[in-house]
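Undergrad: Next comes the structure file target-v4.tsv, holding TSV, C-alpha atoms.
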chain	number	residue	atom	x	y	z
A	1	MET	CA	5.43	-14.82	3.68
A	2	ASN	CA	3.15	-17.50	2.31
A	3	ALA	CA	0.15	-16.95	0.03
A	4	GLU	CA	-2.43	-17.09	2.84
A	5	GLU	CA	-0.55	-14.39	4.79
A	6	TRP	CA	-0.54	-12.15	1.69
A	7	ARG	CA	-4.27	-12.69	1.27
A	8	SER	CA	-5.09	-11.87	4.88
A	9	LYS	CA	-2.91	-8.74	5.10
A	10	ALA	CA	-3.66	-7.10	1.76
A	11	GLY	CA	-6.63	-6.42	-0.37
A	12	PRO	CA	-9.13	-6.12	-1.73
A	13	TRP	CA	-8.24	-8.75	-4.30
A	14	ALA	CA	-9.42	-8.89	-7.92
A	15	ARG	CA	-8.84	-11.32	-10.79
A	16	ALA	CA	-7.06	-9.90	-13.83
A	17	VAL	CA	-6.73	-11.29	-17.33
A	18	LEU	CA	-3.23	-10.58	-18.62
A	19	PRO	CA	-2.50	-9.73	-22.28
A	20	ASP	CA	-1.48	-13.35	-22.99
A	21	GLY	CA	-4.76	-14.69	-21.53
A	22	GLN	CA	-3.37	-15.88	-18.18
A	23	GLU	CA	-5.36	-15.02	-15.06
A	24	LEU	CA	-3.71	-13.52	-12.01
A	25	ASP	CA	-5.07	-12.46	-8.62
A	26	VAL	CA	-3.98	-8.89	-7.82
A	27	ILE	CA	-4.34	-6.43	-4.95
A	28	ALA	CA	-6.50	-3.51	-6.08
A	29	THR	CA	-4.96	-0.20	-4.96
A	30	GLY	CA	-6.75	2.42	-7.05
A	31	TRP	CA	-8.79	3.33	-10.12
A	32	THR	CA	-7.56	5.94	-12.57
A	33	ARG	CA	-9.50	7.45	-15.47
A	34	SER	CA	-7.32	8.39	-18.43
A	35	THR	CA	-7.98	11.49	-20.53
A	36	ASP	CA	-9.69	9.35	-23.19
A	37	GLY	CA	-12.27	8.26	-20.57
A	38	GLN	CA	-11.03	4.69	-20.06
A	39	TRP	CA	-10.76	3.32	-16.51
A	40	TRP	CA	-7.57	1.56	-15.35
A	41	LEU	CA	-6.94	-0.46	-12.21
A	42	GLU	CA	-3.74	0.32	-10.35
A	43	ALA	CA	-2.79	-2.94	-8.66
A	44	GLU	CA	-0.02	-4.96	-7.07
A	45	ALA	CA	0.77	-8.46	-8.29
A	46	ILE	CA	2.70	-10.78	-6.00
A	47	LEU	CA	5.48	-11.90	-8.32
A	48	PRO	CA	8.41	-14.24	-7.69
A	49	THR	CA	11.74	-12.83	-6.58
A	50	ARG	CA	14.85	-13.86	-4.71
A	51	PHE	CA	15.44	-13.01	-1.05
A	52	GLU	CA	18.97	-13.06	0.34
A	53	ASP	CA	19.50	-13.07	4.11
A	54	THR	CA	22.39	-11.43	5.96
A	55	GLU	CA	24.43	-14.63	5.80
A	56	GLY	CA	24.25	-14.79	2.00
A	57	ARG	CA	21.68	-17.60	1.74
A	58	SER	CA	19.02	-17.00	-0.86
A	59	ARG	CA	15.54	-18.42	-1.26
A	60	PRO	CA	12.56	-17.80	-3.53
A	61	THR	CA	9.83	-15.53	-2.24
A	62	GLY	CA	7.12	-13.20	-3.53
A	63	ALA	CA	7.07	-9.41	-3.64
A	64	PRO	CA	4.34	-6.91	-4.55
A	65	THR	CA	4.95	-5.38	-7.98
A	66	ALA	CA	2.94	-2.41	-9.28
A	67	ILE	CA	0.97	-3.05	-12.47
A	68	THR	CA	-1.84	-1.27	-14.36
A	69	LEU	CA	-4.75	-3.11	-15.98
A	70	ALA	CA	-7.60	-2.02	-18.23
A	71	ALA	CA	-10.87	-2.11	-16.26
A	72	ASP	CA	-12.50	-4.55	-18.69
A	73	GLN	CA	-9.74	-7.08	-17.91
A	74	VAL	CA	-10.53	-7.14	-14.16
A	75	THR	CA	-13.31	-8.86	-12.21
A	76	PRO	CA	-13.94	-8.75	-8.45
A	77	ILE	CA	-13.29	-11.91	-6.47
A	78	PRO	CA	-16.42	-13.05	-4.57
A	79	GLY	CA	-16.26	-11.96	-0.94
A	80	GLU	CA	-13.85	-9.07	-1.58
A	81	ASP	CA	-15.08	-5.50	-1.01
A	82	CYS	CA	-13.79	-3.43	-3.91
A	83	GLY	CA	-15.87	-0.46	-2.77
A	84	THR	CA	-12.93	0.70	-0.67
A	85	VAL	CA	-10.62	1.06	-3.67
A	86	PRO	CA	-9.93	4.75	-4.29
A	87	ARG	CA	-11.11	6.40	-7.49
A	88	ASP	CA	-9.04	9.31	-8.76
A	89	GLY	CA	-7.32	9.83	-5.42
A	90	ALA	CA	-10.11	9.01	-2.96
A	91	ILE	CA	-9.03	7.62	0.41
A	92	ALA	CA	-8.73	3.84	0.71
A	93	GLY	CA	-6.31	0.99	0.14
A	94	ARG	CA	-2.76	1.00	1.46
A	95	GLN	CA	-2.09	4.67	0.81
A	96	TRP	CA	-0.33	5.48	4.06
A	97	VAL	CA	3.27	5.09	5.19
A	98	LEU	CA	4.33	4.54	8.79
A	99	GLU	CA	7.92	5.73	9.19
A	100	LYS	CA	10.12	4.55	12.05
A	101	LEU	CA	11.94	7.47	13.70
A	102	HIS	CA	15.12	7.63	15.73
A	103	GLN	CA	14.24	8.68	19.27
A	104	TYR	CA	16.74	11.07	20.87
A	105	ALA	CA	14.70	11.41	24.06
A	106	ASP	CA	12.11	9.18	25.74
A	107	ASP	CA	9.26	11.54	24.91
A	108	ASP	CA	10.21	11.90	21.21
A	109	PRO	CA	7.77	10.22	18.78
A	110	ALA	CA	8.81	6.75	17.59
A	111	ARG	CA	6.78	6.81	14.35
A	112	ARG	CA	5.52	9.32	11.79
A	113	LEU	CA	2.51	8.90	9.49
A	114	HIS	CA	2.75	10.00	5.81
A	115	ARG	CA	0.79	9.69	2.58
A	116	CYS	CA	2.33	6.95	0.42
A	117	ASP	CA	3.76	9.41	-2.11
A	118	CYS	CA	5.37	11.75	0.44
A	119	TRP	CA	9.01	12.48	-0.32
A	120	GLN	CA	9.72	13.00	3.40
A	121	ALA	CA	9.34	9.28	4.29
A	122	LYS	CA	13.02	8.39	4.01
A	123	ARG	CA	13.72	6.03	6.89
A	124	ALA	CA	12.51	2.46	7.47
A	125	HIS	CA	8.76	2.37	6.86
A	126	ALA	CA	5.76	0.13	6.25
A	127	ARG	CA	2.61	0.66	4.17
A	128	VAL	CA	-0.64	0.64	6.18
A	129	THR	CA	-4.33	0.62	5.35
A	130	THR	CA	-6.62	3.60	5.76
A	131	GLU	CA	-8.33	1.91	8.71
A	132	ASP	CA	-4.98	1.38	10.46
A	133	ALA	CA	-3.88	4.94	9.68
A	134	ILE	CA	-7.04	6.36	11.29
A	135	GLY	CA	-6.35	4.29	14.41
A	136	LEU	CA	-2.73	5.46	14.48
A	137	LEU	CA	-3.81	9.12	14.47
A	138	ALA	CA	-5.46	8.58	17.85
A	139	GLN	CA	-2.35	7.09	19.47
A	140	GLN	CA	-0.04	8.99	21.78
A	141	GLY	CA	3.51	9.29	20.48
A	142	MET	CA	2.46	9.36	16.81
A	143	ASP	CA	3.99	12.15	14.76
A	144	ILE	CA	2.15	13.49	11.70
A	145	CYS	CA	4.12	14.66	8.66
A	146	ASP	CA	3.79	18.42	8.35
A	147	ILE	CA	4.51	18.26	4.61
A	148	CYS	CA	1.89	15.78	3.30
A	149	ARG	CA	-0.55	16.20	6.25
A	150	PRO	CA	-2.27	12.79	6.22
A	151	ASP	CA	-4.41	13.87	9.19
A	152	ARG	CA	-6.33	16.34	6.98
A	153	ALA	CA	-7.40	13.60	4.55
A	154	LEU	CA	-8.08	10.97	7.20
A	155	ARG	CA	-10.30	13.15	9.41
A	156	ARG	CA	-12.82	14.05	6.68
Take the structure in this file and express it as structure tokens.

TA:
Amino acid sequence: MNAEEWRSKAGPWARAVLPDGQELDVIATGWTRSTDGQWWLEAEAILPTRFEDTEGRSRPTGAPTAITLAADQVTPIPGEDCGTVPRDGAIAGRQWVLEKLHQYADDDPARRLHRCDCWQAKRAHARVTTEDAIGLLAQQGMDICDICRPDRALRR
């Protein structure tokens, strides 16, 4: 996936200053306040990695990597809406997991929605935004995890 595809599918984006002074654009996923009162940004940085296909060919690519940054080292990027970033567990960002299910019968659900930290999401899955998760709740054939109950949080 190229840089423009990452930008269009993830966000909101913020600019972070790393400990060595370099600047890096990151995907803001949440704010956490530590016990000493300091705010921290939970974020994903798209960092280089190697991708190997089924035939053994490898190529460079990028992958989201979780990082934490002190709030005073982060600035919003103009045009990005950081108001949707959750604070201390509020609902926003890509906090939802869409799990692909094996269908034994035609009327069995094909997908199940979870919170991102649910231990029940074991099969192939994708992370989705809050907006997408709300839309998925309204679809026929969507199963809701009865352990993490994402429907309770999303219907507030």

Undergrad: Smallest atom-to-atom distance to Asp143 of chain A: which of A:Leu24, A:Ala70, A:Leu113, A:Ala63, using all atoms listed in the file?

TA: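 Looking only at the distances to Asp143 of chain A, the closest residue turns out to be A:Leu113.
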
Undergrad: Find the axis-aligned box for segment 43-53 of chain A, covering all its listed atoms and adding 3 Å on each side, and write its centre and edge lengths in Å to one decimal as lines of an AutoDock Vina configuration file.

TA:
center_x = 8.4
center_y = -8.6
center_z = -2.3
size_x = 28.3
size_y = 17.3
size_z = 18.8

Undergrad: Taking into account all atoms listed in the file, which residue in the set A:Ile67, A:Ala14, A:Ile144, A:Ala110 is nearest to Gly79 of chain A?

TA: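 Checking each of A:Ile67, A:Ala14, A:Ile144, A:Ala110 against Gly79 of chain A, counting all atoms listed in the file, the winner is A:Ala14.
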
Undergrad: Please indicate the distance in Å from atom CA of Arg149 of chain A to atom CA of Glu99 of chain A, rounded to one decimal place.

TA: 13.8 Å

Undergrad: In Å, with one decimal, what is the gap from atom CA of Val97 of chain A to atom CA of Thr130 of chain A?

TA: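 Spanning atom CA of Val97 of chain A to atom CA of Thr130 of chain A is a straight-line distance of 10.0 Å.
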
Undergrad: I need the residue nearest Leu69 of chain A from this list: A:Leu154, A:Ile147, A:Ile134, A:Ala16. Use only C-alpha atoms for the distance.

TA: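 Selected residue with least distance to Leu69 of chain A: A:Ala16.
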
Undergrad: What does the structure give for the distance between atom CA of Trp31 of chain A and atom CA of Gln120 of chain A, in Å to one decimal?

TA: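 Those two atoms sit 24.9 Å apart.
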
Undergrad: Pick the closest to Pro12 of chain A from A:Thr129, A:Ser58, A:Thr49, A:Gln140: which is it, counting all atoms listed in the file?

TA: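 Among the listed residues, A:Thr129 lies closest to Pro12 of chain A.
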
Undergrad: Would you mind listing what lies within 7 Å of segment 32-43 of chain A as a list in words, with all atoms listed in the file counted and same-chain residues fewer than 5 positions away left out?

TA: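 The residues satisfying every condition are Val26, Ile27, Ala66, Ile67, Thr68, Leu69, Ala70, Ala71, Arg87 and Asp88 of chain A.
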
Undergrad: Compare A:Pro150, A:Gly56, A:Pro19, A:Gly30 by their minimum atom-to-atom distance to Leu98 of chain A, counting only C-alpha atoms, and give me the closest one.

TA: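 Among the listed residues, A:Pro150 lies closest to Leu98 of chain A.
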
Undergrad: From the set A:Arg59, A:Arg127, A:Arg112, A:Lys122, which residue has the shortest atom-to-atom contact distance to Trp96 of chain A, counting all atoms listed in the file?

TA: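 The shortest atom-to-atom distance to Trp96 of chain A comes from A:Arg127.
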
Undergrad: List as a list of chain:residue names the protein and nucleic acid residues near Arg152 of chain A, meaning an atom at most 12 Å away when all atoms listed in the file are counted, but skip any in the same chain fewer than 6 places from it.

TA: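 Residues meeting the cut-off are A:Ile91, A:Leu113, A:His114, A:Arg115, A:Ala133, A:Ile134, A:Leu137, A:Ile144, A:Cys145, A:Asp146.
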